[in-house]
Amino acid sequence: MRSISSRQRSRILELEEDARPLDPDAGERDRLMAEVHAYAQRFLDGLPERPAYRHDKSAVREIRKLGFGRGPQPLAGLIDRIDESVAGVGLVPSHGGHLGYIPGGGIYASSLGDYLAAVTNEYAGVRFTGPGAVEIEDLILDWMASFAGFPAGADGNLASGGSIASLIAVVTAREAAGLRARDYERAVVYSSAHTHHCLHKAIRVAGLAEAVRREVSRDGDLRLCPDSLAKLVAEDRARGLRPWLVLGSAGTADTGQVDPLDRIADVCEREGLWFHVDAAYGGFFALVEGCRRVLAGMERADSLVLDPHKGMFLPYGTGAVLIRDGEALQDAHAYYASYLQDTVESEWGGRSPAAVSPELTKHFRGLRVWLPLLLYGEAPFRACLEEKLELARYFHGEIGALGFEVGPEPPLSVVTYRWVPKSGTADAFNQALVEETHRDGRVFLSSTTIDGTFWLRMAVLAFRTHLDTIDLALEVLAEAVERLEAHPERWRSEASAEAPAEALAGGGGG
Ligand SMILES: *Cc1c(COP(=O)(O)O)cnc(C)c1O
């Protein structure tokens, strides 16, 4: 006989009833889904009419006015709040006019993968609990390893983004070199001025803030110079230091340049250094036939990071790391916990994602990658990537023809350019120019500073960016230059203090 008291029983049933909204029935699910779906349709169909960037602090303030968790509110009002205070404010990353930083994606099929991953809530951290989910992740990693040219025996992990993927790479490099705290002050890291800051962050987070940093000089196209690298390594050895890690880029966020990876790999191989290649932005261009040459040498990396939420146009939340020596990845991350003892010697075989990553429980990221690839095949992805390369080349030619000074012909899809005014400081003019385009908002452009000079950047990677978007960007830029030339008080130093500083959103993103 069960010995539940009637008081306990009625309390439990009462709580079950109170918690019922968390598990809606089919009819209620239909009603919720219909509203969400209708909004998604409205959002996507209305995207071309939205600005790519909008500054509106008061809209964001409205979020807190709704309160939080106090009582039930109708979905319609919440969707309106998302639309007005979230989706339409700041940068609109799903917009084709996102041409700043390194644009992300947001393909629809991937959002459905996320939906199904969340509804089924597969446990993707451990093979024993989610063997199918882990198989899908493995398949995706195998696919990336194969087009990146990695050998059998390579392994990897689907992380939340390029930064965490980079941290996994750095920790693996640290462990593979057998570095211990007493070695850190002698360990040397080689990078260029254009190495992504997330790698320097990863080194610090990995405990290696004291490591010696060497900035390798660059060639005329701002690419890391292998001869200078070799020279620095020799000097460091002579000093009794311990050369350890070389950070190469397959597409820098600043200028889109690809370091001479093959020649850097030669130096690393000769000197026994760990070669990390940051292909977060550029890696997926390896899917485009004509790009293999540009990325040559990427396949020789010891660790490689690719960002599917950039180059595969996925919604934010997926970065990948590949490690040539799969065992090194496990040696750096595998752990044992007695409460997980059933999961270790599992009949499913093969390592779990948790054994090659700092994460245990994680989102089933594989589905958002797998679903679109199986639904469409690779071809539309290749086409979209090649279109972006062509658009960047087209912009490079056209912006030069408008009278802008342009950076080098883009090997991938980032173009740097600036306007040199007839008189006055070019940096002040270009800073005002980027602010002017933010106020316009039809497209979103960003800037960078290269060796002390202010440049505008155009980064073509949003999947909704097409020929008409580039023509629009050219129009926005030409009009903005005309306005600033006509109103020098807007950018000349004596007047610039009055310019609204907040117009330059700056900062964030790749
Ligand atoms: C975006 C980017 C990163 C960082 O990746 P996140 O996904 O933003 O964490 C690193 N390197 C390059 C070249 C990038 O473009």
# chains A, B, ... in the order shown; residues from 1 in each chain; ligands from 1
$ residues_near_ligand --ligand "ligand 1" --cutoff "6 Å" --atoms "only C-alpha atoms and all ligand atoms" --output "PDB file with N, CA and C atoms, in the first residue's frame"
ATOM      1  N   ILE A 102      31.897  41.276 -39.386  1.00  0.00           N
ATOM      2  CA  ILE A 102      31.738  40.122 -40.263  1.00  0.00           C
ATOM      3  C   ILE A 102      30.278  39.708 -40.117  1.00  0.00           C
ATOM      4  N   GLY A 161      30.528  29.407 -30.700  1.00  0.00           N
ATOM      5  CA  GLY A 161      31.004  30.441 -31.607  1.00  0.00           C
ATOM      6  C   GLY A 161      32.503  30.310 -31.788  1.00  0.00           C
ATOM      7  N   GLY A 162      33.051  31.210 -32.572  1.00  0.00           N
ATOM      8  CA  GLY A 162      34.473  31.160 -32.879  1.00  0.00           C
ATOM      9  C   GLY A 162      35.356  31.393 -31.661  1.00  0.00           C
ATOM     10  N   SER A 163      34.898  32.210 -30.732  1.00  0.00           N
ATOM     11  CA  SER A 163      35.745  32.524 -29.575  1.00  0.00           C
ATOM     12  C   SER A 163      35.935  31.301 -28.681  1.00  0.00           C
ATOM     13  N   HIS A 196      42.800  38.067 -34.756  1.00  0.00           N
ATOM     14  CA  HIS A 196      41.549  38.422 -34.079  1.00  0.00           C
ATOM     15  C   HIS A 196      41.757  38.467 -32.563  1.00  0.00           C
ATOM     16  N   CYS A 198      39.977  37.652 -30.201  1.00  0.00           N
ATOM     17  CA  CYS A 198      39.465  36.527 -29.410  1.00  0.00           C
ATOM     18  C   CYS A 198      40.580  35.516 -29.110  1.00  0.00           C
ATOM     19  N   GLY A 251      41.631  34.834 -43.561  1.00  0.00           N
ATOM     20  CA  GLY A 251      40.612  35.882 -43.636  1.00  0.00           C
ATOM     21  C   GLY A 251      40.585  36.669 -42.338  1.00  0.00           C
ATOM     22  N   THR A 252      41.261  37.823 -42.316  1.00  0.00           N
ATOM     23  CA  THR A 252      41.224  38.629 -41.096  1.00  0.00           C
ATOM     24  C   THR A 252      39.934  39.445 -41.081  1.00  0.00           C
ATOM     25  N   ALA A 253      39.464  39.741 -39.864  1.00  0.00           N
ATOM     26  CA  ALA A 253      38.244  40.535 -39.736  1.00  0.00           C
ATOM     27  C   ALA A 253      38.498  41.973 -40.213  1.00  0.00           C
ATOM     28  N   ASP A 278      43.028  30.711 -37.887  1.00  0.00           N
ATOM     29  CA  ASP A 278      41.706  31.282 -37.611  1.00  0.00           C
ATOM     30  C   ASP A 278      40.986  31.459 -38.948  1.00  0.00           C
ATOM     31  N   ALA A 280      37.631  31.506 -38.972  1.00  0.00           N
ATOM     32  CA  ALA A 280      36.259  31.766 -38.515  1.00  0.00           C
ATOM     33  C   ALA A 280      35.472  32.477 -39.613  1.00  0.00           C
ATOM     34  N   TYR A 281      36.108  33.456 -40.216  1.00  0.00           N
ATOM     35  CA  TYR A 281      35.438  34.175 -41.301  1.00  0.00           C
ATOM     36  C   TYR A 281      35.636  33.469 -42.646  1.00  0.00           C
ATOM     37  N   ASP A 307      33.520  29.341 -38.452  1.00  0.00           N
ATOM     38  CA  ASP A 307      32.285  29.832 -37.835  1.00  0.00           C
ATOM     39  C   ASP A 307      31.094  29.588 -38.767  1.00  0.00           C
ATOM     40  N   GLY A 319      30.103  27.719 -33.617  1.00  0.00           N
ATOM     41  CA  GLY A 319      31.476  27.824 -34.090  1.00  0.00           C
ATOM     42  C   GLY A 319      32.082  26.433 -34.032  1.00  0.00           C
ATOM     43  N   GLY A 509      30.886  42.543 -32.369  1.00  0.00           N
ATOM     44  CA  GLY A 509      30.913  41.658 -33.519  1.00  0.00           C
ATOM     45  C   GLY A 509      32.293  41.359 -34.036  1.00  0.00           C
ATOM     46  N   GLY A 510      32.305  40.419 -35.011  1.00  0.00           N
ATOM     47  CA  GLY A 510      33.561  39.918 -35.570  1.00  0.00           C
ATOM     48  C   GLY A 510      34.370  41.050 -36.147  1.00  0.00           C
TER      49      GLY A 510
END
$ residues_around --residues "His276 in chain A" --least-positions-apart "6" --cutoff "7 Å" --atoms "only C-alpha atoms" --output "PyMOL selection string"
chain A and resi 246-248+301-304
$ residues_around --residues "His333 in chain A" --least-positions-apart "3" --cutoff "6 Å" --atoms "only C-alpha atoms" --output "VMD selection string"
chain A and resid 330 355 to 357
$ write_last_selection --atoms "N, CA and C atoms" --output "mmCIF file, in the first residue's frame"
data_model
loop_
_atom_site.group_PDB
_atom_site.id
_atom_site.type_symbol
_atom_site.label_atom_id
_atom_site.label_comp_id
_atom_site.auth_asym_id
_atom_site.auth_seq_id
_atom_site.Cartn_x
_atom_site.Cartn_y
_atom_site.Cartn_z
ATOM 1 N N GLN A 330 41.381 15.290 -26.982
ATOM 2 C CA GLN A 330 40.831 14.537 -25.841
ATOM 3 C C GLN A 330 41.729 14.649 -24.619
ATOM 4 N N ALA A 355 33.876 15.193 -23.895
ATOM 5 C CA ALA A 355 35.278 14.809 -23.666
ATOM 6 C C ALA A 355 36.245 15.658 -24.487
ATOM 7 N N VAL A 356 35.715 16.529 -25.338
ATOM 8 C CA VAL A 356 36.594 17.339 -26.181
ATOM 9 C C VAL A 356 36.223 18.824 -26.110
ATOM 10 N N SER A 357 35.635 19.216 -24.987
ATOM 11 C CA SER A 357 35.144 20.590 -24.873
ATOM 12 C C SER A 357 34.975 20.947 -23.406
#
$ select_by_dssp --residues "range 228-477 of chain A" --states "helix (DSSP H, G or I)" --output "PyMOL selection string"
chain A and resi 228-238+261-271+283-287+289-291+298-300+308-311+326-333+338-344+353-356+366-376+379-401+426-440+467-477
$ closest_residue --among "A:Val369, A:Leu232, A:Val205, A:Leu474" --to "Tyr316 in chain A" --atoms "only C-alpha atoms"
A:Val369
$ residues_around --residues "Arg61 in chain A" --least-positions-apart "6" --cutoff "12 Å" --atoms "only C-alpha atoms" --output "list in words"
Gly67, Arg81, Glu84, Ser85, Val86 and Val89 of chain A
$ closest_residue --among "A:Glu386, A:Glu409, A:Glu436, A:Asp342" --to "Phe128 in chain A" --atoms "only C-alpha atoms"
A:Asp342
$ residues_around --residues "Val460 in chain A" --least-positions-apart "5" --cutoff "8 Å" --atoms "only C-alpha atoms" --output "short mmCIF file (atom, residue, chain, number, x, y, z; two decimals) with N, CA and C atoms, in the first residue's frame"
data_model
loop_
_atom_site.label_atom_id
_atom_site.label_comp_id
_atom_site.auth_asym_id
_atom_site.auth_seq_id
_atom_site.Cartn_x
_atom_site.Cartn_y
_atom_site.Cartn_z
N LEU A 99 26.56 45.03 -43.77
CA LEU A 99 27.83 44.94 -44.50
C LEU A 99 28.98 45.34 -43.58
N ILE A 102 31.90 41.28 -39.39
CA ILE A 102 31.74 40.12 -40.26
C ILE A 102 30.28 39.71 -40.12
N PRO A 103 29.48 39.87 -41.15
CA PRO A 103 28.04 39.59 -41.01
C PRO A 103 27.76 38.13 -40.69
N LYS A 388 29.04 36.19 -52.97
CA LYS A 388 29.61 37.20 -52.07
C LYS A 388 31.01 37.63 -52.52
N LEU A 389 31.80 36.66 -53.01
CA LEU A 389 33.14 37.00 -53.52
C LEU A 389 33.03 37.94 -54.71
N LEU A 391 30.50 39.92 -55.47
CA LEU A 391 29.97 41.22 -55.06
C LEU A 391 31.07 42.09 -54.45
N ALA A 392 31.96 41.45 -53.68
CA ALA A 392 33.05 42.23 -53.06
C ALA A 392 33.98 42.77 -54.15
N SER A 413 36.01 38.52 -49.17
CA SER A 413 34.87 39.41 -49.39
C SER A 413 34.86 40.65 -48.50
N VAL A 414 36.04 41.07 -48.02
CA VAL A 414 36.13 42.33 -47.27
C VAL A 414 36.89 43.35 -48.12
N THR A 465 22.48 39.66 -48.89
CA THR A 465 23.14 40.73 -49.64
C THR A 465 23.25 40.33 -51.11
#
$ closest_residue --among "A:Gly125, A:Pro410, A:Gly71, A:Gly377" --to "Val294 in chain A" --atoms "only C-alpha atoms"
A:Pro410
$ residues_around --residues "range 489-492 of chain A" --least-positions-apart "4" --cutoff "12 Å" --atoms "only C-alpha atoms" --output "list in words"
Pro421, Ser423, Gly424, Thr425, Ala426, Asp427, Ala428, Phe429, Asn430, Gln431, Ala432, Leu433, Val434, Glu435, Glu436, Ala480, Val481, Arg483, Leu484, Glu485, Ser496, Ala497, Glu498, Ala499 and Pro500 of chain A
$ write_last_selection --atoms "N, CA, C and O atoms" --output "short mmCIF file (atom, residue, chain, number, x, y, z; two decimals), in the first residue's frame"
data_model
loop_
_atom_site.label_atom_id
_atom_site.label_comp_id
_atom_site.auth_asym_id
_atom_site.auth_seq_id
_atom_site.Cartn_x
_atom_site.Cartn_y
_atom_site.Cartn_z
N PRO A 421 39.61 63.73 -48.57
CA PRO A 421 39.05 65.04 -48.93
C PRO A 421 40.15 65.96 -49.46
O PRO A 421 41.34 65.74 -49.18
N SER A 423 40.86 68.93 -48.74
CA SER A 423 41.61 69.54 -47.64
C SER A 423 41.02 69.03 -46.33
O SER A 423 39.91 68.50 -46.32
N GLY A 424 41.76 69.20 -45.25
CA GLY A 424 41.28 68.71 -43.95
C GLY A 424 41.77 67.29 -43.70
O GLY A 424 42.37 66.66 -44.58
N THR A 425 41.51 66.79 -42.48
CA THR A 425 42.03 65.49 -42.08
C THR A 425 41.16 64.37 -42.62
O THR A 425 39.96 64.32 -42.35
N ALA A 426 41.78 63.44 -43.32
CA ALA A 426 41.03 62.32 -43.89
C ALA A 426 40.38 61.47 -42.80
O ALA A 426 39.23 61.03 -42.94
N ASP A 427 41.09 61.24 -41.68
CA ASP A 427 40.52 60.39 -40.62
C ASP A 427 39.22 60.98 -40.09
O ASP A 427 38.25 60.27 -39.88
N ALA A 428 39.22 62.30 -39.86
CA ALA A 428 38.01 62.95 -39.34
C ALA A 428 36.88 62.84 -40.36
O ALA A 428 35.73 62.58 -40.00
N PHE A 429 37.23 63.00 -41.62
CA PHE A 429 36.21 62.90 -42.67
C PHE A 429 35.59 61.50 -42.67
O PHE A 429 34.37 61.33 -42.70
N ASN A 430 36.46 60.47 -42.62
CA ASN A 430 35.95 59.10 -42.75
C ASN A 430 35.18 58.65 -41.51
O ASN A 430 34.23 57.89 -41.61
N GLN A 431 35.60 59.16 -40.36
CA GLN A 431 34.82 58.90 -39.14
C GLN A 431 33.42 59.49 -39.28
O GLN A 431 32.42 58.84 -38.98
N ALA A 432 33.37 60.73 -39.77
CA ALA A 432 32.07 61.38 -39.97
C ALA A 432 31.28 60.63 -41.05
O ALA A 432 30.05 60.52 -40.97
N LEU A 433 31.98 60.10 -42.02
CA LEU A 433 31.32 59.39 -43.12
C LEU A 433 30.62 58.13 -42.61
O LEU A 433 29.48 57.85 -42.95
N VAL A 434 31.30 57.39 -41.75
CA VAL A 434 30.68 56.16 -41.25
C VAL A 434 29.49 56.51 -40.35
O VAL A 434 28.43 55.88 -40.42
N GLU A 435 29.61 57.59 -39.59
CA GLU A 435 28.48 58.05 -38.75
C GLU A 435 27.31 58.47 -39.64
O GLU A 435 26.15 58.20 -39.32
N GLU A 436 27.63 59.13 -40.71
CA GLU A 436 26.61 59.58 -41.66
C GLU A 436 25.84 58.37 -42.23
O GLU A 436 24.61 58.40 -42.33
N ALA A 480 26.50 60.43 -48.98
CA ALA A 480 27.08 60.88 -47.71
C ALA A 480 28.33 61.72 -47.94
O ALA A 480 28.54 62.74 -47.28
N VAL A 481 29.15 61.31 -48.91
CA VAL A 481 30.35 62.09 -49.23
C VAL A 481 29.93 63.48 -49.72
O VAL A 481 30.49 64.49 -49.30
N ARG A 483 27.22 65.15 -49.02
CA ARG A 483 26.75 65.96 -47.89
C ARG A 483 27.91 66.50 -47.06
O ARG A 483 27.92 67.66 -46.67
N LEU A 484 28.88 65.63 -46.79
CA LEU A 484 30.00 66.05 -45.94
C LEU A 484 30.89 67.06 -46.66
O LEU A 484 31.43 67.98 -46.04
N GLU A 485 31.06 66.87 -47.98
CA GLU A 485 31.86 67.84 -48.74
C GLU A 485 31.16 69.21 -48.73
O GLU A 485 31.81 70.24 -48.66
N SER A 496 33.86 69.23 -34.95
CA SER A 496 33.49 67.82 -34.75
C SER A 496 33.07 67.49 -33.32
O SER A 496 32.37 66.51 -33.08
N ALA A 497 33.47 68.33 -32.36
CA ALA A 497 33.09 68.08 -30.97
C ALA A 497 31.57 68.10 -30.79
O ALA A 497 31.03 67.48 -29.89
N GLU A 498 30.88 68.83 -31.70
CA GLU A 498 29.43 68.92 -31.57
C GLU A 498 28.69 67.74 -32.22
O GLU A 498 27.51 67.58 -32.03
N ALA A 499 29.43 66.95 -32.98
CA ALA A 499 28.78 65.81 -33.66
C ALA A 499 28.28 64.82 -32.61
O ALA A 499 28.92 64.60 -31.60
N PRO A 500 27.10 64.24 -32.81
CA PRO A 500 26.58 63.28 -31.83
C PRO A 500 27.45 62.03 -31.78
O PRO A 500 27.51 61.28 -32.75
#
$ closest_residue --among "A:Val126, A:Leu287, A:Leu245, A:Leu477" --to "Val267 in chain A" --atoms "only C-alpha atoms"
A:Leu245
